[in-house]
Amino acid sequence: MTALLESYAQGTWYRASDEGRPLADATTGETVARLSGTGLDVPGMIDYGRRVGGPALRSLTFHQRAAILKSLAKHLTGHTDEFHTLSHRTGATLRDNAVDVDGGIGTLFSYASKGTRELPDDTVLPDGPAERLGRGGTFVGQHVYTSRPGVAVQINAFNFPVWGMLEKFAPAFLAGVPSIVKPASQTAYLTELVVRRIVESGLLPEGALQLLAGGPAGLLDHLGPQDAVAFTGSAETGAKLRTHPAVVHNGVRLGVEADSLNCSVLGPDVAPEDPEFTLFADQLVTEMTVKAGQKCTAIRRAIVPEHLADAVVDAVGERLERIVVGDPADADTTMGPLAGLDQRTEVRKAIAALRGSARTVFGDPEHCAPAGADPQR
């Protein structure tokens with residue numbers, strides 16, 4: 001039986017009592033791990049964060065929190081090879097790992113630096129100078145920012161299981177708010193490994209970070225006006241969260257990072273021999289191939305003047321011919337597989353819809369498995 005992922009809750013690792021469901025290797029389809037949150041005390045995790053993690057973090061100054069983030073980044077840097085190896089099973093290539101794993105750790109370094117340079121060595125942040133509120137100067141007032149006595153629930157997407165977690169955790173930690181991380185199921189095994197190494201470091205105050213490896217059912221039901229939710233994922237799920245009673249009636253702060261609507265536009269005054277044309281074609285291919293296009297910042301459309309359309313198609317096709325699709329652990333591979341069969345289904349559905357008003361100029365979405373791979377993948 002493949003190992004069952006564990007949640008880190010209330011200061012200990014929790015394993016569900018059932019077998020859970022399998023999580024597949026993006027390349028081979030083999031089961032990497034199993035996932036279940038059955039029996040997990042979610043209300044207890046929220047209470048633990050508020051009662052234990054919050055006070056521990058609020059007792060530290062911004063500079064002390066920043067120093068911990070820097071030490072944590074250094075600690076995780078020593079485990080990057082381990083993270084990269086497991087990350088390949090999510091479909092990530094060497095280049096993709098530089099974005100997700102290395103980029104995530106770099107985010108910790110960045111917030112540590114900002115905390116030291118831009119925030120005071122104190123537990124409150126003044127918002128402007130003191131203001132006189134009375135004629136004699138004996139009545140003054142000043143606005144300050146201080147840590148909210150709640151928890152930060154972070155619901156992350158499948159495409160960046162390391163960076164997606166750390167880029168939310170770092171600012172919450174610096175702000176003195178404990179985090180409850182809910183990774184996307186598909187790639188939760190990589191997030192769990194990183195959290196294990198964080199816990200083992202002993203650098204974080206107790207209760208500052210908890211991991212919910214399992215379904216999100218009931219997670220928002222126990223949140224209140226001092227709590228916040230940061231969500232990254234589909235616009236459909238984001239819309240459901242916006243109408244959740246905890247958000248509508250309980251005052252829970254919600255931030256949604258959903259489907260992007262980015263585009264890349266080529267100006268009509270650009271000629272095929274111009275460096276801007278080369279840059280445009282290069283970046284289109286980058287958008288298509290980094291993380292197999294599974295990025296929240298990826299473009300949805302390339303907008304090209306009609307008289308340059310054929311030249312762009314030829315230039316992009318020429319570059320795509322040089323892309324090596326295959327095992328992401330292979331150093332020669334420049335594009336790995338989609339994270340799973342659900343993503344492949346969605347891509348094929350989208351291409352089918354586009355074919356109603358467009359034609360395919362490169363590749364065959366129905367026969368896209370690399371040599372040696374499982375044709376069902």
# chains A, B, ... in the order shown; residues from 1 in each chain; ligands from 1

call {"tool": "residues_around", "arguments": {"residues": "range 245-255 of chain A", "least_positions_apart": "3", "cutoff": "6 Å", "atoms": "only C-alpha atoms", "output": "PyMOL selection string"}}
result
chain A and resi 224-225+227-230

call {"tool": "select_by_dssp", "arguments": {"residues": "range 181-363 of chain A", "states": "strand (DSSP E or B)", "output": "PyMOL selection string"}}
result
chain A and resi 181-182+209-211+228-232+253-257+262-265+299-303+325+335

call {"tool": "write_last_selection", "arguments": {"atoms": "C-alpha atoms", "output": "JSON list (two decimals), in the first residue's frame"}}
result
[["chain", "number", "residue", "atom", "x", "y", "z"],
["A", 181, "VAL", "CA", -2.55, 25.40, 4.46],
["A", 182, "LYS", "CA", -4.95, 23.38, 2.28],
["A", 209, "LEU", "CA", 1.74, 26.52, 10.46],
["A", 210, "GLN", "CA", -0.72, 23.65, 10.07],
["A", 211, "LEU", "CA", -1.39, 21.44, 7.05],
["A", 228, "ALA", "CA", -8.98, 35.43, 6.35],
["A", 229, "VAL", "CA", -9.07, 33.05, 3.38],
["A", 230, "ALA", "CA", -6.66, 33.28, 0.44],
["A", 231, "PHE", "CA", -7.79, 31.11, -2.50],
["A", 232, "THR", "CA", -6.03, 30.27, -5.75],
["A", 253, "ARG", "CA", -11.97, 38.28, 4.54],
["A", 254, "LEU", "CA", -11.63, 36.52, 1.19],
["A", 255, "GLY", "CA", -9.00, 37.00, -1.48],
["A", 256, "VAL", "CA", -9.51, 35.13, -4.76],
["A", 257, "GLU", "CA", -6.86, 34.58, -7.41],
["A", 262, "ASN", "CA", -3.88, 37.68, -19.87],
["A", 263, "CYS", "CA", -2.95, 38.19, -23.50],
["A", 264, "SER", "CA", 0.08, 39.02, -25.61],
["A", 265, "VAL", "CA", -0.31, 41.64, -28.34],
["A", 299, "ILE", "CA", -1.82, 34.07, -21.53],
["A", 300, "ARG", "CA", -5.19, 33.04, -22.93],
["A", 301, "ARG", "CA", -4.80, 34.71, -26.31],
["A", 302, "ALA", "CA", -2.17, 35.99, -28.70],
["A", 303, "ILE", "CA", -3.49, 38.99, -30.62],
["A", 325, "VAL", "CA", 8.15, 16.52, -24.46],
["A", 335, "MET", "CA", 8.11, 20.25, -21.39]]

call {"tool": "closest_residue", "arguments": {"among": "A:Thr80, A:Ser71, A:Asn97, A:Gln343", "to": "Ala112 in chain A", "atoms": "only C-alpha atoms"}}
result
A:Ser71

call {"tool": "select_by_dssp", "arguments": {"residues": "range 96-202 of chain A", "states": "helix (DSSP H, G or I)", "output": "PyMOL selection string"}}
result
chain A and resi 96-118+163-174+185-201

call {"tool": "write_last_selection", "arguments": {"atoms": "C-alpha atoms", "output": "CSV table (one decimal), in the first residue's frame"}}
result
chain,number,residue,atom,x,y,z
A,96,ASP,CA,9.6,24.3,-13.9
A,97,ASN,CA,11.3,23.4,-10.6
A,98,ALA,CA,13.3,26.6,-10.8
A,99,VAL,CA,10.0,28.5,-10.8
A,100,ASP,CA,8.1,26.5,-8.2
A,101,VAL,CA,10.6,25.1,-5.7
A,102,ASP,CA,13.5,27.5,-6.0
A,103,GLY,CA,11.1,30.4,-6.6
A,104,GLY,CA,9.1,29.5,-3.5
A,105,ILE,CA,12.1,29.5,-1.3
A,106,GLY,CA,13.3,32.7,-2.9
A,107,THR,CA,9.9,34.2,-1.8
A,108,LEU,CA,10.8,33.5,1.8
A,109,PHE,CA,14.1,35.3,1.3
A,110,SER,CA,12.3,38.3,-0.3
A,111,TYR,CA,9.8,38.7,2.5
A,112,ALA,CA,12.5,38.3,5.1
A,113,SER,CA,14.4,41.2,3.5
A,114,LYS,CA,11.3,43.4,3.1
A,115,GLY,CA,10.4,42.8,6.8
A,116,THR,CA,13.8,43.9,7.9
A,117,ARG,CA,14.1,46.9,5.6
A,118,GLU,CA,10.6,48.2,5.5
A,163,TRP,CA,5.7,28.4,-4.4
A,164,GLY,CA,1.9,28.6,-4.0
A,165,MET,CA,2.1,27.7,-0.4
A,166,LEU,CA,5.2,29.8,0.5
A,167,GLU,CA,4.1,33.0,-1.2
A,168,LYS,CA,1.0,33.0,1.0
A,169,PHE,CA,2.6,31.7,4.1
A,170,ALA,CA,5.4,34.3,4.2
A,171,PRO,CA,3.4,37.5,4.3
A,172,ALA,CA,0.9,35.9,6.8
A,173,PHE,CA,3.8,34.9,9.1
A,174,LEU,CA,5.4,38.3,8.8
A,185,SER,CA,-5.2,17.2,-3.7
A,186,GLN,CA,-3.4,16.4,-7.0
A,187,THR,CA,0.0,17.5,-5.9
A,188,ALA,CA,-0.4,17.5,-2.1
A,189,TYR,CA,2.4,15.0,-1.6
A,190,LEU,CA,5.0,17.6,-2.5
A,191,THR,CA,3.5,20.2,-0.2
A,192,GLU,CA,3.4,17.7,2.6
A,193,LEU,CA,7.1,17.0,2.1
A,194,VAL,CA,8.0,20.7,2.3
A,195,VAL,CA,5.8,21.1,5.4
A,196,ARG,CA,7.6,18.1,7.0
A,197,ARG,CA,11.0,19.7,6.5
A,198,ILE,CA,9.7,23.0,7.9
A,199,VAL,CA,8.3,21.3,11.0
A,200,GLU,CA,11.5,19.3,11.5
A,201,SER,CA,13.5,22.6,11.4

call {"tool": "atom_distance", "arguments": {"atom1": "CA of Leu60 in chain A", "atom2": "CA of Val177 in chain A"}}
result
11.2 Å

call {"tool": "residues_around", "arguments": {"residues": "Val313 in chain A", "least_positions_apart": "4", "cutoff": "8 Å", "atoms": "only C-alpha atoms", "output": "list of chain:residue names"}}
result
A:Ala309, A:Gly317, A:Val361

call {"tool": "write_last_selection", "arguments": {"atoms": "N, CA and C atoms", "output": "mmCIF file, in the first residue's frame"}}
result
data_model
loop_
_atom_site.group_PDB
_atom_site.id
_atom_site.type_symbol
_atom_site.label_atom_id
_atom_site.label_comp_id
_atom_site.auth_asym_id
_atom_site.auth_seq_id
_atom_site.Cartn_x
_atom_site.Cartn_y
_atom_site.Cartn_z
ATOM 1 N N ALA A 309 -0.170 37.145 -39.261
ATOM 2 C CA ALA A 309 -0.645 35.892 -38.671
ATOM 3 C C ALA A 309 0.145 34.692 -39.180
ATOM 4 N N GLY A 317 5.553 27.658 -34.690
ATOM 5 C CA GLY A 317 5.651 26.242 -35.038
ATOM 6 C C GLY A 317 7.089 25.762 -35.104
ATOM 7 N N VAL A 361 -3.022 24.427 -35.992
ATOM 8 C CA VAL A 361 -1.868 24.652 -36.858
ATOM 9 C C VAL A 361 -0.640 23.880 -36.384
#

call {"tool": "residues_around", "arguments": {"residues": "Ser59 in chain A", "least_positions_apart": "6", "cutoff": "10 Å", "atoms": "only C-alpha atoms", "output": "list in words"}}
result
Arg65, Asp122, Thr123 and Gly176 of chain A

call {"tool": "closest_residue", "arguments": {"among": "A:Ala352, A:Ala208, A:Val304, A:Ala235", "to": "Leu261 in chain A", "atoms": "only C-alpha atoms"}}
result
A:Ala235

call {"tool": "residues_around", "arguments": {"residues": "Ala184 in chain A", "least_positions_apart": "4", "cutoff": "6 Å", "atoms": "only C-alpha atoms", "output": "VMD selection string"}}
result
chain A and resid 156 to 158 188

call {"tool": "closest_atom_pairs", "arguments": {"of": "range 193-305 of chain A", "to": "range 51-57 of chain A", "cutoff": "7 Å", "atoms": "only C-alpha atoms", "output": "tab-separated table"}}
result
residue	atom	partner	partner_atom	distance
A:Pro205	CA	A:Ala56	CA	6.1
A:Glu206	CA	A:Gly53	CA	5.7
A:Gly207	CA	A:Gly53	CA	3.7
A:Ala208	CA	A:Gly53	CA	4.6

call {"tool": "write_last_selection", "arguments": {"atoms": "C-alpha atoms", "output": "PDB file, in the first residue's frame"}}
result
ATOM      1  CA  PRO A 205       6.642  29.015  16.849  1.00  0.00           C
ATOM      2  CA  GLU A 206       4.159  26.287  17.771  1.00  0.00           C
ATOM      3  CA  GLY A 207       0.880  26.677  15.901  1.00  0.00           C
ATOM      4  CA  ALA A 208       2.266  29.055  13.276  1.00  0.00           C
TER       5      ALA A 208
END

call {"tool": "atom_distance", "arguments": {"atom1": "CA of Ser147 in chain A", "atom2": "CA of Pro120 in chain A"}}
result
13.8 Å
